[in-house]
Amino acid sequence: MKRTLRLMLAGAVVALTASCSAPKSEIDRKVDDLLSKMTLREKVGQMNQLSGGAELAAVAAKGEMGSVLNCVDVKQLNAIQKAAVEESRLGIPVLISRDVIHGFRTIFPIPIGLAATFDPAIAEEGARISAVEATANGIRWTFSPMLDIARDPRWGRVAEGSGEDPYLDVQMGVAMVKGYQGEDLSDPASMAACIKHFVGYGAAEGGRDYNSTMISERSLRNTYFPAFKAAAEAGAATLMTSFNEIDGIPSTGNKWLLKDVLRDEWGWKGMVVTDWNSAGEMIAHGFSRDLKHTAEQAINAGVDMDMMSYGFIQYVEELVKEGKVSEKDIDNAVRNILKLKFELGLFENPYIDETASAKVDYAPEHLEAAKKAAVESAILLQNKGNVLPLDKAKTILVTGPLADAPYEQLGTWAFDGQPEHTVTPLTALRKEYNVIWEPGLKYSRDNDRSSFAKVRAAASRADAAVVFVGEEAILSGEAHSLSNLNLQGAQSELIAEVAKAGKPVVVVVMAGRPLTIERDLANCDAMLYSFHPGTMGGPALADLIKGKAVPSGKTPMTFLRDAGQAPFYYNHNNSGRPCHGTETLLNDIPIAAGQTSLGCTSYYLDSGYGPLFPFGYGLSYSTFEYGNPVLEKAEYGKDDVIKASVELRNTGKYEATEIVQLYVRDLVGSVVRPVKELKGFERVTLAPGDSKTVTFELPVSDLAFWNIDMEYVVEPGDFNLWIAGDSATGESVNFTIR
Ligand code: GLC
């Protein structure tokens, strides 16, 4: 508590200084002026967000809806806006919002796929293109980026985030905020970002969505906060509270989170919205007595806008009259909402140009960017005998339920992407090869093997076979947790059937999460893992299969051998008995083995010592050789910058891009520290035979963490440092912080 007070005082000093010294902006003056004219009912109206269409015009006309979500019909939106602006007493425009998660019309790879690119620039470009298309449709607020750290692929929403690593999460999250918001929110092509779900939602017990989380303050600060803090500092305009409770406190009613940390410690001045009825759900949590109590708790915790609980609009006036909620807090909330509306220029330009979308949707440059992102998001997991690229094959068999599935290929949260614009792999491959097309299965859960003989016969007539498997879009995303991560239906059997033909077999997986595909790897020569690649997934995959493009993606999450290993992540603590990789495995256990004879360390008897693929892993058509990392010196002070270099050589036959990764390990801390932490990465493209010295500059201050005293400090001591192609390989070098 002492520390929190100290941090709050520090934050308050910052805020006080800022408020005393900074003159009120023009917008602040407009907000204060408007606020002074508003009735309590009108103020509460601004705090009310509803989902629907033109039927909400009547609510807007009464000034009782501050924001609308889930309508993309521009005529209906203009009708709602007209009612708000021309019929309500004060004419305050409605803020139009939507989940534009990985594209509006042009759909990019799902966010976990964008994370696999380790290319913040492409994520920013995708977000910008999303904003251009969405704002043309009248949407000025998106509920993205999702910054939830995810360590458990059973959780369906790993699809929407950047995976398991805080550093990668920061880079991709900040890039997307910049893309959505551009240089200036008043730019009609900009829309407010919404960093979500604050906080810890991805740590749901058992990977079951919405479930309890038990996260210490130190873990919150070291693992789950960093991307939110960075995105807040980058100017994210809004933040969404999460459904989960942390140690018994639902985030939507968590004052420590929403006021002490977000406002007082971080000094963030944006607008806080609940998740869909997450205020109302505090009744189900057992945190609130009734809807009125949820409104009291959410507002007193620091929530500004209520998404779809109807609690605020029904009860806040009563709560103010009863003294349970202060009008000062209401004014602060409404100030945050009005400030955003002025910043977006809604008062000057509230209406949508109904011809605008047609000029930007699916623009060639948007499709090109989506294809580039899909190429970069594909991860080459295996390539036995360098079967890929299929640059000699003339006739190929294309089979599998994801080969020609325009809707599934878009992935989860792609509401407004139109499948008729999707270019599937089948369509794209027909331009490159003589294609024999045999679906084999109709959809990913299909168990009908009646056409398998036909598929195998077709494979025997082809030079090679490409099998597209994975997940229907509905099998990942919100509320879609899985306890078994194997390929659904008879997809694995389809792969095995094709393999019987004895021709080269390439498997392409399109999924919303890392699946457990170890047995499928045994039945194919090569595997490309593309997550759901979006509108241009077909041309991207065709270029990769043909060799017109070279895979560069890396795993943004650990790939498991078995769902029973979850949660499994590279940046784990070491435990007192770390696995050393020689322990006895299930099938080697002698009959009547002695109780302690197998090795007393942390591993699984059945699924072994580690995951299938580690974080940061991905092959190329070329090969890369790393020299040992070199440091400028062996000892650093706390204000120094560590310069670390490595010689990287392309030792293969293709020009290719390698994502060079910098990891450190703090060997001894006042609390135990992860066995590795990503602290930098760089995409390096080299021609065959070329080499380059890749240098990272790592400020010692980036090694800070929340220590035993809950202070954010760099502790002196010894560190290891790696520069490698993934989180599990490479030589290390030591350095000391004095
Ligand atoms: C959903 C999701 C959230 C989304 C919101 C609005 O339940 O949890 O991510 O932005 O509701 O659709």
# chains A, B, ... in the order shown; residues from 1 in each chain; ligands from 1
>>> residues_around(residues="stretch 610-627 of chain A", least_positions_apart="4", cutoff="7 Å", atoms="only C-alpha atoms", output="ChimeraX atom specification")
/A:379-381,550-561,570,646-654,656,724-728
>>> residues_around(residues="A:Pro250", least_positions_apart="2", cutoff="12 Å", atoms="only C-alpha atoms", output="MDAnalysis selection string")
chainID A and resid 197:201 210:214 241:248 252:258 274:275 278:288 294 297:298 301
>>> write_last_selection(atoms="N, CA and C atoms", output="compact mmCIF listing (two decimals), in the first residue's frame")
# COMPACT_ATOMS: atom_id res chain seq x y z
N HIS A 197 -8.13 -6.33 -23.40
CA HIS A 197 -9.16 -6.10 -22.40
C HIS A 197 -8.41 -5.94 -21.08
N PHE A 198 -8.58 -4.81 -20.49
CA PHE A 198 -7.76 -4.45 -19.32
C PHE A 198 -8.34 -5.10 -18.07
N VAL A 199 -7.76 -6.16 -17.41
CA VAL A 199 -6.50 -6.72 -17.78
C VAL A 199 -6.46 -8.18 -17.34
N GLY A 200 -5.55 -8.92 -18.01
CA GLY A 200 -5.33 -10.30 -17.57
C GLY A 200 -6.31 -11.31 -18.09
N TYR A 201 -7.10 -10.89 -19.09
CA TYR A 201 -8.19 -11.73 -19.62
C TYR A 201 -7.66 -13.04 -20.20
N TYR A 210 -13.62 -16.11 -20.27
CA TYR A 210 -14.33 -15.37 -19.21
C TYR A 210 -13.99 -15.90 -17.81
N ASN A 211 -13.11 -16.89 -17.72
CA ASN A 211 -12.92 -17.56 -16.43
C ASN A 211 -12.04 -16.77 -15.48
N SER A 212 -11.99 -17.27 -14.25
CA SER A 212 -11.23 -16.60 -13.18
C SER A 212 -9.75 -16.53 -13.54
N THR A 213 -9.12 -15.48 -13.02
CA THR A 213 -7.66 -15.40 -13.15
C THR A 213 -7.09 -15.11 -11.76
N MET A 214 -5.92 -15.64 -11.55
CA MET A 214 -5.23 -15.39 -10.28
C MET A 214 -3.85 -14.85 -10.63
N THR A 241 -12.50 -2.44 -20.38
CA THR A 241 -12.27 -3.31 -19.22
C THR A 241 -12.57 -4.76 -19.62
N SER A 242 -11.99 -5.68 -18.88
CA SER A 242 -12.10 -7.10 -19.27
C SER A 242 -13.19 -7.80 -18.46
N PHE A 243 -13.67 -8.91 -19.01
CA PHE A 243 -14.75 -9.67 -18.38
C PHE A 243 -14.29 -10.35 -17.10
N ASN A 244 -13.01 -10.71 -17.05
CA ASN A 244 -12.54 -11.57 -15.96
C ASN A 244 -12.41 -10.84 -14.63
N GLU A 245 -12.37 -11.64 -13.56
CA GLU A 245 -12.00 -11.07 -12.27
C GLU A 245 -10.57 -11.52 -11.99
N ILE A 246 -9.85 -10.68 -11.28
CA ILE A 246 -8.48 -11.00 -10.86
C ILE A 246 -8.52 -11.15 -9.35
N ASP A 247 -8.25 -12.36 -8.91
CA ASP A 247 -8.25 -12.62 -7.47
C ASP A 247 -9.55 -12.14 -6.83
N GLY A 248 -10.65 -12.35 -7.52
CA GLY A 248 -11.98 -12.08 -6.98
C GLY A 248 -12.54 -10.71 -7.29
N THR A 252 -14.08 -4.61 -14.27
CA THR A 252 -15.00 -3.49 -14.48
C THR A 252 -15.36 -2.78 -13.19
N GLY A 253 -15.06 -3.42 -12.07
CA GLY A 253 -15.29 -2.78 -10.77
C GLY A 253 -14.03 -2.63 -9.98
N ASN A 254 -12.89 -2.62 -10.68
CA ASN A 254 -11.59 -2.63 -9.98
C ASN A 254 -10.99 -1.24 -9.95
N LYS A 255 -11.23 -0.53 -8.85
CA LYS A 255 -10.74 0.85 -8.72
C LYS A 255 -9.23 0.92 -8.76
N TRP A 256 -8.54 -0.10 -8.21
CA TRP A 256 -7.07 -0.07 -8.21
C TRP A 256 -6.57 -0.02 -9.65
N LEU A 257 -7.17 -0.82 -10.49
CA LEU A 257 -6.79 -0.86 -11.90
C LEU A 257 -7.13 0.46 -12.60
N LEU A 258 -8.41 0.84 -12.50
CA LEU A 258 -8.93 1.89 -13.39
C LEU A 258 -8.65 3.30 -12.90
N THR A 274 -16.73 -0.17 -20.79
CA THR A 274 -16.79 -1.56 -20.32
C THR A 274 -16.81 -2.48 -21.53
N ASP A 275 -16.60 -3.76 -21.27
CA ASP A 275 -16.88 -4.72 -22.32
C ASP A 275 -18.39 -4.94 -22.33
N SER A 278 -20.24 -6.05 -19.32
CA SER A 278 -19.33 -6.55 -18.27
C SER A 278 -19.65 -5.90 -16.93
N ALA A 279 -20.33 -4.74 -16.96
CA ALA A 279 -20.80 -4.16 -15.69
C ALA A 279 -21.91 -5.05 -15.14
N GLY A 280 -22.91 -5.32 -15.96
CA GLY A 280 -24.04 -6.15 -15.54
C GLY A 280 -23.61 -7.53 -15.09
N GLU A 281 -22.54 -8.04 -15.67
CA GLU A 281 -22.09 -9.40 -15.34
C GLU A 281 -21.47 -9.48 -13.95
N MET A 282 -21.27 -8.35 -13.31
CA MET A 282 -20.73 -8.39 -11.95
C MET A 282 -21.74 -8.97 -10.98
N ILE A 283 -23.02 -9.07 -11.44
CA ILE A 283 -24.03 -9.77 -10.63
C ILE A 283 -23.72 -11.26 -10.66
N ALA A 284 -23.51 -11.79 -11.87
CA ALA A 284 -23.19 -13.22 -12.02
C ALA A 284 -21.89 -13.55 -11.30
N HIS A 285 -20.93 -12.63 -11.35
CA HIS A 285 -19.67 -12.85 -10.64
C HIS A 285 -19.90 -13.00 -9.13
N GLY A 286 -20.99 -12.37 -8.67
CA GLY A 286 -21.25 -12.36 -7.23
C GLY A 286 -20.55 -11.20 -6.56
N PHE A 287 -20.29 -10.16 -7.37
CA PHE A 287 -19.62 -8.96 -6.87
C PHE A 287 -20.63 -7.85 -6.64
N SER A 288 -21.80 -7.94 -7.33
CA SER A 288 -22.84 -6.91 -7.24
C SER A 288 -24.17 -7.55 -6.85
N THR A 294 -24.26 -2.61 -9.78
CA THR A 294 -23.15 -2.70 -10.76
C THR A 294 -22.79 -1.31 -11.28
N GLN A 297 -20.79 0.51 -8.65
CA GLN A 297 -19.41 0.00 -8.53
C GLN A 297 -18.57 0.36 -9.75
N ALA A 298 -19.14 0.25 -10.95
CA ALA A 298 -18.36 0.54 -12.16
C ALA A 298 -17.97 2.00 -12.21
N ALA A 301 -15.42 2.88 -9.69
CA ALA A 301 -14.11 2.28 -10.02
C ALA A 301 -13.41 3.08 -11.12
>>> residues_around(residues="A:Ala462", least_positions_apart="6", cutoff="12 Å", atoms="only C-alpha atoms", output="list of chain:residue names")
A:Ala393, A:Lys394, A:Thr395, A:Ile396, A:Leu397, A:Val398, A:Thr399, A:Tyr433, A:Asn434, A:Val435, A:Ile436, A:Trp437, A:Glu438, A:Val455, A:Arg456, A:Val498, A:Ala501, A:Gly502, A:Lys503, A:Pro504, A:Val505
>>> write_last_selection(atoms="N, CA, C and O atoms", output="CSV table (one decimal), in the first residue's frame")
chain,number,residue,atom,x,y,z
A,393,ALA,N,7.1,-28.8,-60.0
A,393,ALA,CA,5.9,-29.5,-60.2
A,393,ALA,C,5.1,-28.9,-61.3
A,393,ALA,O,5.0,-27.7,-61.4
A,394,LYS,N,4.4,-29.7,-62.1
A,394,LYS,CA,3.5,-29.2,-63.1
A,394,LYS,C,2.0,-29.4,-62.7
A,394,LYS,O,1.2,-28.5,-62.7
A,395,THR,N,1.8,-30.7,-62.2
A,395,THR,CA,0.4,-31.0,-61.8
A,395,THR,C,0.4,-31.2,-60.3
A,395,THR,O,1.2,-32.0,-59.8
A,396,ILE,N,-0.5,-30.5,-59.6
A,396,ILE,CA,-0.6,-30.8,-58.2
A,396,ILE,C,-2.0,-31.1,-57.8
A,396,ILE,O,-3.0,-30.6,-58.4
A,397,LEU,N,-2.1,-31.9,-56.8
A,397,LEU,CA,-3.4,-32.2,-56.2
A,397,LEU,C,-3.7,-31.1,-55.1
A,397,LEU,O,-2.8,-30.8,-54.3
A,398,VAL,N,-4.8,-30.4,-55.2
A,398,VAL,CA,-5.2,-29.5,-54.1
A,398,VAL,C,-6.4,-30.2,-53.4
A,398,VAL,O,-7.3,-30.5,-54.0
A,399,THR,N,-6.2,-30.3,-52.1
A,399,THR,CA,-7.3,-31.0,-51.3
A,399,THR,C,-7.4,-30.4,-49.9
A,399,THR,O,-6.5,-29.6,-49.6
A,433,TYR,N,-0.4,-23.7,-61.5
A,433,TYR,CA,-0.2,-25.2,-61.8
A,433,TYR,C,-1.4,-25.7,-62.6
A,433,TYR,O,-2.5,-25.1,-62.6
A,434,ASN,N,-1.2,-26.9,-63.1
A,434,ASN,CA,-2.3,-27.7,-63.5
A,434,ASN,C,-2.9,-28.4,-62.3
A,434,ASN,O,-2.2,-29.2,-61.6
A,435,VAL,N,-4.1,-28.0,-61.8
A,435,VAL,CA,-4.6,-28.4,-60.5
A,435,VAL,C,-5.6,-29.5,-60.6
A,435,VAL,O,-6.5,-29.4,-61.4
A,436,ILE,N,-5.4,-30.6,-59.9
A,436,ILE,CA,-6.5,-31.6,-59.7
A,436,ILE,C,-7.1,-31.2,-58.4
A,436,ILE,O,-6.5,-31.1,-57.3
A,437,TRP,N,-8.4,-30.9,-58.4
A,437,TRP,CA,-9.1,-30.4,-57.2
A,437,TRP,C,-10.0,-31.5,-56.6
A,437,TRP,O,-10.9,-32.0,-57.3
A,438,GLU,N,-9.7,-32.0,-55.4
A,438,GLU,CA,-10.5,-33.0,-54.8
A,438,GLU,C,-10.7,-32.5,-53.3
A,438,GLU,O,-9.8,-32.7,-52.5
A,455,VAL,N,-9.3,-39.2,-53.5
A,455,VAL,CA,-8.3,-38.2,-53.2
A,455,VAL,C,-6.9,-38.9,-53.4
A,455,VAL,O,-6.0,-38.3,-54.0
A,456,ARG,N,-6.8,-40.1,-52.8
A,456,ARG,CA,-5.5,-40.8,-52.9
A,456,ARG,C,-5.2,-41.1,-54.4
A,456,ARG,O,-4.0,-40.9,-54.8
A,498,VAL,N,-3.5,-39.1,-48.1
A,498,VAL,CA,-2.8,-38.5,-49.3
A,498,VAL,C,-1.3,-39.0,-49.3
A,498,VAL,O,-0.7,-39.3,-50.3
A,501,ALA,N,0.0,-42.1,-51.2
A,501,ALA,CA,0.2,-42.1,-52.6
A,501,ALA,C,1.7,-42.0,-52.9
A,501,ALA,O,2.2,-42.1,-54.0
A,502,GLY,N,2.5,-41.7,-51.9
A,502,GLY,CA,4.0,-41.6,-52.1
A,502,GLY,C,4.5,-40.4,-52.8
A,502,GLY,O,5.7,-40.4,-53.2
A,503,LYS,N,3.7,-39.4,-52.9
A,503,LYS,CA,4.2,-38.2,-53.6
A,503,LYS,C,4.5,-37.1,-52.5
A,503,LYS,O,4.0,-37.2,-51.4
A,504,PRO,N,5.3,-36.1,-52.9
A,504,PRO,CA,5.6,-35.0,-51.9
A,504,PRO,C,4.3,-34.4,-51.4
A,504,PRO,O,3.4,-34.2,-52.2
A,505,VAL,N,4.2,-34.3,-50.1
A,505,VAL,CA,2.9,-33.8,-49.4
A,505,VAL,C,3.3,-32.5,-48.7
A,505,VAL,O,4.1,-32.5,-47.8
>>> residues_near_ligand(ligand="ligand 1", cutoff="10 Å", atoms="only C-alpha atoms and all ligand atoms", output="mmCIF file with N, CA and C atoms, in the first residue's frame")
data_model
loop_
_atom_site.group_PDB
_atom_site.id
_atom_site.type_symbol
_atom_site.label_atom_id
_atom_site.label_comp_id
_atom_site.auth_asym_id
_atom_site.auth_seq_id
_atom_site.Cartn_x
_atom_site.Cartn_y
_atom_site.Cartn_z
ATOM 1 N N SER A 51 -26.138 -1.160 -28.831
ATOM 2 C CA SER A 51 -25.916 -1.881 -30.083
ATOM 3 C C SER A 51 -27.217 -1.933 -30.852
ATOM 4 N N LEU A 69 -22.957 0.864 -31.419
ATOM 5 C CA LEU A 69 -22.039 -0.110 -32.023
ATOM 6 C C LEU A 69 -22.837 -1.114 -32.828
ATOM 7 N N ASN A 70 -22.093 -1.752 -33.766
ATOM 8 C CA ASN A 70 -22.597 -2.877 -34.556
ATOM 9 C C ASN A 70 -23.571 -2.509 -35.649
ATOM 10 N N SER A 97 -19.196 3.121 -33.468
ATOM 11 C CA SER A 97 -18.106 2.193 -33.141
ATOM 12 C C SER A 97 -18.348 0.815 -33.726
ATOM 13 N N ARG A 98 -17.235 0.037 -33.814
ATOM 14 C CA ARG A 98 -17.330 -1.314 -34.403
ATOM 15 C C ARG A 98 -16.070 -2.081 -34.059
ATOM 16 N N ASP A 99 -16.160 -3.392 -34.020
ATOM 17 C CA ASP A 99 -14.961 -4.212 -33.862
ATOM 18 C C ASP A 99 -14.268 -4.364 -35.207
ATOM 19 N N VAL A 100 -13.404 -3.441 -35.516
ATOM 20 C CA VAL A 100 -12.568 -3.562 -36.718
ATOM 21 C C VAL A 100 -11.242 -4.107 -36.218
ATOM 22 N N ILE A 101 -11.101 -5.438 -36.248
ATOM 23 C CA ILE A 101 -10.021 -6.101 -35.500
ATOM 24 C C ILE A 101 -8.806 -6.386 -36.363
ATOM 25 N N THR A 142 -12.772 2.000 -33.003
ATOM 26 C CA THR A 142 -12.693 0.551 -33.129
ATOM 27 C C THR A 142 -12.284 -0.049 -31.788
ATOM 28 N N PHE A 143 -12.735 -1.246 -31.520
ATOM 29 C CA PHE A 143 -12.367 -1.918 -30.271
ATOM 30 C C PHE A 143 -11.167 -2.839 -30.544
ATOM 31 N N SER A 144 -10.065 -2.183 -30.785
ATOM 32 C CA SER A 144 -8.805 -2.851 -31.156
ATOM 33 C C SER A 144 -7.675 -1.870 -30.905
ATOM 34 N N PRO A 145 -6.454 -2.318 -30.569
ATOM 35 C CA PRO A 145 -5.931 -3.685 -30.564
ATOM 36 C C PRO A 145 -6.197 -4.412 -29.246
ATOM 37 N N MET A 146 -6.322 -5.725 -29.362
ATOM 38 C CA MET A 146 -6.385 -6.559 -28.167
ATOM 39 C C MET A 146 -4.953 -6.830 -27.708
ATOM 40 N N ARG A 157 -9.465 -16.882 -27.878
ATOM 41 C CA ARG A 157 -9.151 -15.493 -28.233
ATOM 42 C C ARG A 157 -7.656 -15.244 -28.407
ATOM 43 N N GLU A 160 -6.888 -13.228 -31.426
ATOM 44 C CA GLU A 160 -7.061 -11.767 -31.550
ATOM 45 C C GLU A 160 -5.920 -10.956 -30.979
ATOM 46 N N CYS A 194 -8.907 1.315 -29.202
ATOM 47 C CA CYS A 194 -9.388 0.909 -27.872
ATOM 48 C C CYS A 194 -8.538 -0.261 -27.402
ATOM 49 N N ILE A 195 -7.661 0.004 -26.462
ATOM 50 C CA ILE A 195 -6.771 -1.072 -25.997
ATOM 51 C C ILE A 195 -7.560 -1.922 -25.009
ATOM 52 N N LYS A 196 -7.496 -3.256 -25.271
ATOM 53 C CA LYS A 196 -8.347 -4.164 -24.513
ATOM 54 C C LYS A 196 -7.664 -5.504 -24.337
ATOM 55 N N HIS A 197 -8.133 -6.330 -23.400
ATOM 56 C CA HIS A 197 -9.155 -6.101 -22.396
ATOM 57 C C HIS A 197 -8.413 -5.940 -21.084
ATOM 58 N N TYR A 201 -7.097 -10.890 -19.094
ATOM 59 C CA TYR A 201 -8.190 -11.733 -19.620
ATOM 60 C C TYR A 201 -7.663 -13.045 -20.204
ATOM 61 N N ASP A 209 -12.824 -19.315 -21.684
ATOM 62 C CA ASP A 209 -13.060 -17.876 -21.818
ATOM 63 C C ASP A 209 -13.873 -17.355 -20.633
ATOM 64 N N TYR A 210 -13.621 -16.105 -20.270
ATOM 65 C CA TYR A 210 -14.328 -15.372 -19.210
ATOM 66 C C TYR A 210 -13.993 -15.902 -17.813
ATOM 67 N N MET A 240 -10.735 -0.649 -22.857
ATOM 68 C CA MET A 240 -11.896 -1.459 -22.493
ATOM 69 C C MET A 240 -11.562 -2.373 -21.323
ATOM 70 N N THR A 241 -12.498 -2.436 -20.376
ATOM 71 C CA THR A 241 -12.273 -3.314 -19.218
ATOM 72 C C THR A 241 -12.572 -4.758 -19.617
ATOM 73 N N SER A 242 -11.985 -5.680 -18.884
ATOM 74 C CA SER A 242 -12.104 -7.097 -19.266
ATOM 75 C C SER A 242 -13.195 -7.800 -18.464
ATOM 76 N N PHE A 243 -13.670 -8.907 -19.012
ATOM 77 C CA PHE A 243 -14.748 -9.675 -18.382
ATOM 78 C C PHE A 243 -14.295 -10.352 -17.098
ATOM 79 N N VAL A 273 -14.275 2.320 -21.466
ATOM 80 C CA VAL A 273 -15.569 1.706 -21.769
ATOM 81 C C VAL A 273 -15.583 0.290 -21.212
ATOM 82 N N THR A 274 -16.726 -0.168 -20.793
ATOM 83 C CA THR A 274 -16.790 -1.556 -20.323
ATOM 84 C C THR A 274 -16.814 -2.482 -21.528
ATOM 85 N N ASP A 275 -16.605 -3.764 -21.272
ATOM 86 C CA ASP A 275 -16.882 -4.721 -22.323
ATOM 87 C C ASP A 275 -18.391 -4.944 -22.333
ATOM 88 N N TRP A 276 -18.868 -5.699 -23.309
ATOM 89 C CA TRP A 276 -20.304 -5.907 -23.517
ATOM 90 C C TRP A 276 -20.967 -6.414 -22.228
ATOM 91 N N ASN A 277 -21.723 -5.548 -21.578
ATOM 92 C CA ASN A 277 -22.439 -5.890 -20.352
ATOM 93 C C ASN A 277 -21.515 -6.395 -19.244
ATOM 94 N N SER A 278 -20.241 -6.052 -19.323
ATOM 95 C CA SER A 278 -19.332 -6.553 -18.270
ATOM 96 C C SER A 278 -19.654 -5.904 -16.932
ATOM 97 N N MET A 307 -21.166 -0.266 -21.949
ATOM 98 C CA MET A 307 -21.559 -0.985 -23.158
ATOM 99 C C MET A 307 -22.611 -2.014 -22.784
ATOM 100 N N MET A 308 -23.861 -1.671 -23.146
ATOM 101 C CA MET A 308 -24.950 -2.639 -23.201
ATOM 102 C C MET A 308 -25.337 -3.316 -21.890
ATOM 103 N N TRP A 413 -13.818 -12.531 -36.000
ATOM 104 C CA TRP A 413 -13.921 -11.056 -35.939
ATOM 105 C C TRP A 413 -13.629 -10.424 -37.289
ATOM 106 N N GLY A 477 -11.755 -17.556 -31.458
ATOM 107 C CA GLY A 477 -12.419 -16.283 -31.146
ATOM 108 C C GLY A 477 -13.177 -16.383 -29.835
ATOM 109 N N GLU A 478 -14.016 -15.395 -29.588
ATOM 110 C CA GLU A 478 -14.676 -15.271 -28.291
ATOM 111 C C GLU A 478 -15.557 -16.469 -27.948
ATOM 112 N N ALA A 479 -15.378 -16.961 -26.736
ATOM 113 C CA ALA A 479 -16.201 -18.041 -26.167
ATOM 114 C C ALA A 479 -15.943 -19.376 -26.840
#
>>> residues_around(residues="A:Gly547", least_positions_apart="2", cutoff="8 Å", atoms="only C-alpha atoms", output="list in words")
Leu388, Pro389, Leu390, Asp391, Asp543, Leu544, Ile545, Ala549 and Val550 of chain A
>>> write_last_selection(atoms="N, CA and C atoms", output="compact mmCIF listing (two decimals), in the first residue's frame")
# COMPACT_ATOMS: atom_id res chain seq x y z
N LEU A 388 9.50 -27.91 -50.38
CA LEU A 388 9.06 -26.56 -50.77
C LEU A 388 10.29 -25.74 -51.13
N PRO A 389 10.16 -24.85 -52.09
CA PRO A 389 8.97 -24.56 -52.90
C PRO A 389 8.77 -25.60 -54.00
N LEU A 390 7.48 -25.77 -54.39
CA LEU A 390 7.15 -26.70 -55.48
C LEU A 390 7.37 -25.96 -56.80
N ASP A 391 8.64 -25.75 -57.12
CA ASP A 391 8.91 -24.93 -58.32
C ASP A 391 9.14 -25.79 -59.56
N ASP A 543 2.10 -17.89 -53.80
CA ASP A 543 3.46 -17.38 -54.02
C ASP A 543 4.47 -18.14 -53.16
N LEU A 544 4.10 -18.45 -51.93
CA LEU A 544 5.02 -19.17 -51.04
C LEU A 544 5.23 -20.60 -51.54
N ILE A 545 4.16 -21.24 -51.98
CA ILE A 545 4.25 -22.63 -52.45
C ILE A 545 5.07 -22.69 -53.73
N ALA A 549 7.72 -16.24 -53.23
CA ALA A 549 7.98 -15.59 -51.93
C ALA A 549 8.58 -16.65 -51.03
N VAL A 550 9.33 -16.18 -50.03
CA VAL A 550 10.01 -17.10 -49.11
C VAL A 550 9.46 -16.90 -47.70
>>> closest_residue(among="A:Ile337, A:Ala704, A:Asp416, A:Val261", to="A:Ser67", atoms="only C-alpha atoms")
A:Ile337
>>> decode(residues="stretch 214-225 of chain A", atoms="N, CA and C atoms", output="compact mmCIF listing (two decimals), in the first residue's frame")
# COMPACT_ATOMS: atom_id res chain seq x y z
N MET A 214 -5.92 -15.64 -11.55
CA MET A 214 -5.23 -15.39 -10.28
C MET A 214 -3.85 -14.85 -10.63
N ILE A 215 -3.74 -13.54 -10.71
CA ILE A 215 -2.48 -12.93 -11.18
C ILE A 215 -1.99 -12.00 -10.09
N SER A 216 -0.76 -12.21 -9.67
CA SER A 216 -0.20 -11.34 -8.62
C SER A 216 0.02 -9.95 -9.19
N GLU A 217 0.11 -8.97 -8.29
CA GLU A 217 0.41 -7.61 -8.75
C GLU A 217 1.74 -7.60 -9.50
N ARG A 218 2.71 -8.34 -9.03
CA ARG A 218 4.01 -8.33 -9.69
C ARG A 218 3.90 -8.90 -11.11
N SER A 219 3.14 -9.98 -11.26
CA SER A 219 2.97 -10.54 -12.62
C SER A 219 2.20 -9.58 -13.50
N LEU A 220 1.19 -8.91 -12.92
CA LEU A 220 0.48 -7.91 -13.71
C LEU A 220 1.47 -6.88 -14.23
N ARG A 221 2.29 -6.38 -13.35
CA ARG A 221 3.20 -5.28 -13.72
C ARG A 221 4.31 -5.75 -14.67
N ASN A 222 4.81 -6.94 -14.47
CA ASN A 222 5.93 -7.40 -15.31
C ASN A 222 5.48 -8.02 -16.62
N THR A 223 4.25 -8.55 -16.68
CA THR A 223 3.86 -9.31 -17.88
C THR A 223 2.63 -8.74 -18.57
N TYR A 224 1.59 -8.40 -17.80
CA TYR A 224 0.30 -8.06 -18.42
C TYR A 224 0.12 -6.56 -18.64
N PHE A 225 0.74 -5.72 -17.87
CA PHE A 225 0.60 -4.26 -18.03
C PHE A 225 1.44 -3.69 -19.18
